[in-house]
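Scroll down for the structure; my scribbles are underneath it.
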Amino acid sequence: MTTLESAAPLRYAIIGTGALGGFYGARLQQAGLEVHYLLRSDYEHVRQHGLIIESPDGNFRLPSVYAHHTPETMPKCDVVVIALKTTQNHVLPKLLPALMDAQNTVLVLQNGLQVEDEVAAIVGADCVIGGLCFLCSNKVGPGHIHHLDYKKITMGVYGANGQPIGITPRLRHIAADFEQAGIPIELSDDLVLARWKKLIWNIPFNGLSVVLNATTDQMMTHGDTYHLAEELMQEVALGAKTQSRHIPPSFLDDMLEHTANMKPYRTSMKIDYDERRPLEVETMYGNPLRVAAQGGVALPKIAMLYHQLRFLDARNRGVAPISPA
């Protein structure tokens, strides 16, 4: 087993081989890195047939992959990539201990705020890196990923006290592997700020796509929804200030411009809703609201969206409603 600071190639474990984990894992493998995939429902199919990636960058197939059905069969890998939805994080206390040793790192590619806290409680704070994925990608069949647009990841080292850690050698090593695989990487010395910046997009467009039953292009071309998205972004920036993070108005303008130029996209939350899967409401909406409230700031539009999504999610999945206080 090599240390992350060495020049030897790193070995990767992908936990959650869906639209996100399947895409990034396949790109790493295509670039010549050793990648092991933990799968559930797709295990037999991927074990026999591998992975298929459709992408504007070029379609490719990996006919042979290291597919695993349980963590116990996986070798100890240098980097354990968590690509599960946060609604599945209840399985992490069972999965991660079998994959960890004293030398490896966990890269958390999940949406929301404070998502690294839960992982750090299991594996320790010193080995956790966070990643914010700017990716339009869908899983369209067993082991079959359709990449539509974007692919950049912003990475930063987790700090248990929320303070910026800086850019470490192991972060640079992992980033270099992803760049070798054709994935643009932005390194951030402040993971908390990076997460708030990702919420600038996620909070308006994921939530509104469910509430309004709309794709990104439909929301961007209607004046009312455009301005609503803009106002939600402004509330996210206000929430970030409660943690002493400043997001300039120009960043909001850039996100609106990128979304306007994006290919018509059904967000990941809308896909989960349509498939009657649990929505990532708490990490994406609940946690930012609670952090802002601790700082004495109310975010009323985000709060309304949060409660709407909780209602729609419960009704959609047939979950018993929460009684009014």
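All residue names refer to the structure tokens as shown: chains lettered A, B, ... in order, residues numbered from 1 in each chain, ligands numbered from 1 in order.
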
| task | Compile the contact shell of segment 103-115 of chain A as a list in words: residues with an atom at most 7 Å away, counting only C-alpha atoms, same-chain residues fewer than 3 positions apart removed. | result | Thr3, Cys77, Asp78, Val79, Val80, Val81, Ile82, Ala83, Lys85, Thr86, Met100, Glu118, Cys127, Val128, Ile129, Gly130, Gly131, Leu132, Cys133, Arg195, Leu199, Thr283, Met284, Asn287 and Pro288 of chain A

List every residue of segment 71-156 of chain A that has an atom at most 10 Å from any atom of segment 41-55 of chain A, giving for each one its closest atom pair and the distance in Å to one decimal, counting only C-alpha atoms, sorted by chain and then by ascending residue number, as a Markdown table.
| residue | atom | partner | partner_atom | distance |
| --- | --- | --- | --- | --- |
| A:Ser137 | CA | A:Ser55 | CA | 8.9 |
| A:Asn138 | CA | A:Glu54 | CA | 9.9 |
| A:Lys139 | CA | A:Ile53 | CA | 9.5 |
| A:Val140 | CA | A:Glu54 | CA | 10.0 |
| A:Gly141 | CA | A:Asp42 | CA | 9.0 |
| A:Pro142 | CA | A:Asp42 | CA | 5.4 |
| A:Gly143 | CA | A:Leu51 | CA | 4.8 |
| A:His144 | CA | A:Ile52 | CA | 4.8 |
| A:Ile145 | CA | A:Ile53 | CA | 5.0 |
| A:His146 | CA | A:Glu54 | CA | 4.8 |
| A:His147 | CA | A:Ser55 | CA | 4.7 |
| A:Leu148 | CA | A:Ser55 | CA | 6.2 |
| A:Asp149 | CA | A:Ser55 | CA | 8.0 |

| said: At a cut-off of 10 Å, using only C-alpha atoms, what residues contact Gly296 of chain A? Leave out same-chain residues fewer than 6 positions from it and give the result as a ChimeraX atom specification. | reply: /A:239,242,290

Written file, previous selection with C-alpha atoms, as an mmCIF file, in the first residue's frame:
data_model
loop_
_atom_site.group_PDB
_atom_site.id
_atom_site.type_symbol
_atom_site.label_atom_id
_atom_site.label_comp_id
_atom_site.auth_asym_id
_atom_site.auth_seq_id
_atom_site.Cartn_x
_atom_site.Cartn_y
_atom_site.Cartn_z
ATOM 1 C CA GLY A 239 -26.894 32.217 4.397
ATOM 2 C CA THR A 242 -23.605 33.594 8.587
ATOM 3 C CA ARG A 290 -30.419 25.501 10.302
#

| query | Which of segment 25-197 of chain A counts as strand (DSSP E or B) under DSSP, as a PyMOL selection string please? | reply | chain A and resi 34-38+51-54+60-62+66-68+79-82+105-109+128-141+144-157+185-187

| message | Set the distance at 8 Å and use only C-alpha atoms: which residues neighbour segment 258-260 of chain A once local chain neighbours fewer than 2 positions away are removed? I'd like the list as a list of chain:residue names. | response | A:Thr216, A:Asp217, A:Met220, A:Thr221, A:Asp254, A:Met255, A:Leu256, A:Met262

I need the residues from that last selection saved to file as a PDB file, in the first residue's frame (with N, CA and C atoms), if you can.
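Output (selection-v2.pdb):
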ATOM      1  N   THR A 216     -34.628  22.800 -16.711  1.00  0.00           N
ATOM      2  CA  THR A 216     -33.876  24.041 -16.522  1.00  0.00           C
ATOM      3  C   THR A 216     -34.204  25.077 -17.594  1.00  0.00           C
ATOM      4  N   ASP A 217     -34.348  24.659 -18.836  1.00  0.00           N
ATOM      5  CA  ASP A 217     -34.623  25.622 -19.896  1.00  0.00           C
ATOM      6  C   ASP A 217     -35.996  26.264 -19.727  1.00  0.00           C
ATOM      7  N   MET A 220     -35.632  28.912 -17.034  1.00  0.00           N
ATOM      8  CA  MET A 220     -34.808  30.058 -17.412  1.00  0.00           C
ATOM      9  C   MET A 220     -35.473  30.951 -18.446  1.00  0.00           C
ATOM     10  N   THR A 221     -36.418  30.438 -19.199  1.00  0.00           N
ATOM     11  CA  THR A 221     -37.039  31.231 -20.263  1.00  0.00           C
ATOM     12  C   THR A 221     -38.357  31.873 -19.834  1.00  0.00           C
ATOM     13  N   ASP A 254     -23.067  34.648 -13.074  1.00  0.00           N
ATOM     14  CA  ASP A 254     -22.413  33.596 -13.864  1.00  0.00           C
ATOM     15  C   ASP A 254     -23.231  32.310 -13.835  1.00  0.00           C
ATOM     16  N   MET A 255     -23.774  31.954 -12.660  1.00  0.00           N
ATOM     17  CA  MET A 255     -24.572  30.725 -12.549  1.00  0.00           C
ATOM     18  C   MET A 255     -25.846  30.815 -13.389  1.00  0.00           C
ATOM     19  N   LEU A 256     -26.457  31.971 -13.406  1.00  0.00           N
ATOM     20  CA  LEU A 256     -27.649  32.157 -14.233  1.00  0.00           C
ATOM     21  C   LEU A 256     -27.298  32.057 -15.713  1.00  0.00           C
ATOM     22  N   MET A 262     -27.117  26.063 -20.721  1.00  0.00           N
ATOM     23  CA  MET A 262     -27.091  24.621 -20.528  1.00  0.00           C
ATOM     24  C   MET A 262     -28.112  23.934 -21.439  1.00  0.00           C
TER      25      MET A 262
END

| field | Nearby residues (only C-alpha atoms) at most 9 Å from Leu309 of chain A, same-chain spacing under 5 positions excluded, as number ranges by chain | value | A: 207, 210-211, 279, 281, 304, 314

Near-Val192 of chain A list (10 Å; only C-alpha atoms; drop same-chain fewer than 2 positions) as a PDB file with C-alpha atoms, in the first residue's frame:
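This went into part.pdb:
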ATOM      1  CA  LEU A 113     -23.976  21.369   3.391  1.00  0.00           C
ATOM      2  CA  GLN A 114     -22.147  19.625   6.277  1.00  0.00           C
ATOM      3  CA  GLY A 130     -15.029  17.072  -0.176  1.00  0.00           C
ATOM      4  CA  GLY A 156     -11.251  20.911  -0.893  1.00  0.00           C
ATOM      5  CA  VAL A 157      -9.903  19.389   2.314  1.00  0.00           C
ATOM      6  CA  TYR A 158     -12.383  18.977   5.174  1.00  0.00           C
ATOM      7  CA  GLY A 159     -11.728  20.840   8.408  1.00  0.00           C
ATOM      8  CA  GLY A 162     -15.157  24.543   9.463  1.00  0.00           C
ATOM      9  CA  GLN A 163     -11.963  26.552   8.997  1.00  0.00           C
ATOM     10  CA  PRO A 164     -10.123  26.579   5.653  1.00  0.00           C
ATOM     11  CA  SER A 188     -10.416  25.224  -3.099  1.00  0.00           C
ATOM     12  CA  ASP A 189      -8.653  26.128   0.133  1.00  0.00           C
ATOM     13  CA  ASP A 190     -12.093  26.683   1.731  1.00  0.00           C
ATOM     14  CA  ALA A 194     -17.196  25.899  -2.054  1.00  0.00           C
ATOM     15  CA  ARG A 195     -20.261  24.115  -0.683  1.00  0.00           C
ATOM     16  CA  TRP A 196     -22.222  27.348  -0.325  1.00  0.00           C
ATOM     17  CA  LYS A 197     -21.283  28.241  -3.905  1.00  0.00           C
ATOM     18  CA  ALA A 240     -23.223  31.919   3.501  1.00  0.00           C
ATOM     19  CA  GLN A 243     -20.485  31.439   8.240  1.00  0.00           C
ATOM     20  CA  SER A 244     -18.384  34.464   7.226  1.00  0.00           C
ATOM     21  CA  ARG A 245     -18.300  33.420   3.567  1.00  0.00           C
TER      22      ARG A 245
END

| request: Can you pull out every residue within 10 Å of Glu179 of chain A, counting only C-alpha atoms, but drop anything in the same chain fewer than 3 positions away, and send it as a list in words? | output: Arg27, Leu28, Ala31, Lys152, Ile153, His173, Ile174, Ala175, Ala176, Gly182, Ile183, Pro184, Ile185 and Glu186 of chain A

Write out the residues from the selection above, keeping C-alpha atoms, as a compact mmCIF listing (two decimals), in the first residue's frame.
# COMPACT_ATOMS: atom_id res chain seq x y z
CA ARG A 27 -13.24 8.03 -16.80
CA LEU A 28 -10.57 7.19 -14.21
CA ALA A 31 -7.29 6.82 -18.14
CA LYS A 152 -15.94 19.85 -13.42
CA ILE A 153 -15.28 19.04 -9.77
CA HIS A 173 -2.36 14.01 -6.17
CA ILE A 174 -6.05 13.05 -6.39
CA ALA A 175 -6.81 16.12 -8.47
CA ALA A 176 -4.03 15.19 -10.89
CA GLY A 182 -10.10 14.58 -18.60
CA ILE A 183 -12.03 15.97 -15.63
CA PRO A 184 -11.46 19.70 -14.98
CA ILE A 185 -10.58 20.26 -11.32
CA GLU A 186 -10.72 23.44 -9.27

| said: What does the structure give for the distance between atom CA of His246 of chain A and atom CA of Tyr306 of chain A, in Å to one decimal? | reply: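 For atom CA of His246 of chain A relative to atom CA of Tyr306 of chain A, the distance reads 23.1 Å.
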
| request: Work out how far atom CA of Arg310 of chain A is from atom CA of Pro264 of chain A, in Å to one decimal. | output: 25.5 Å
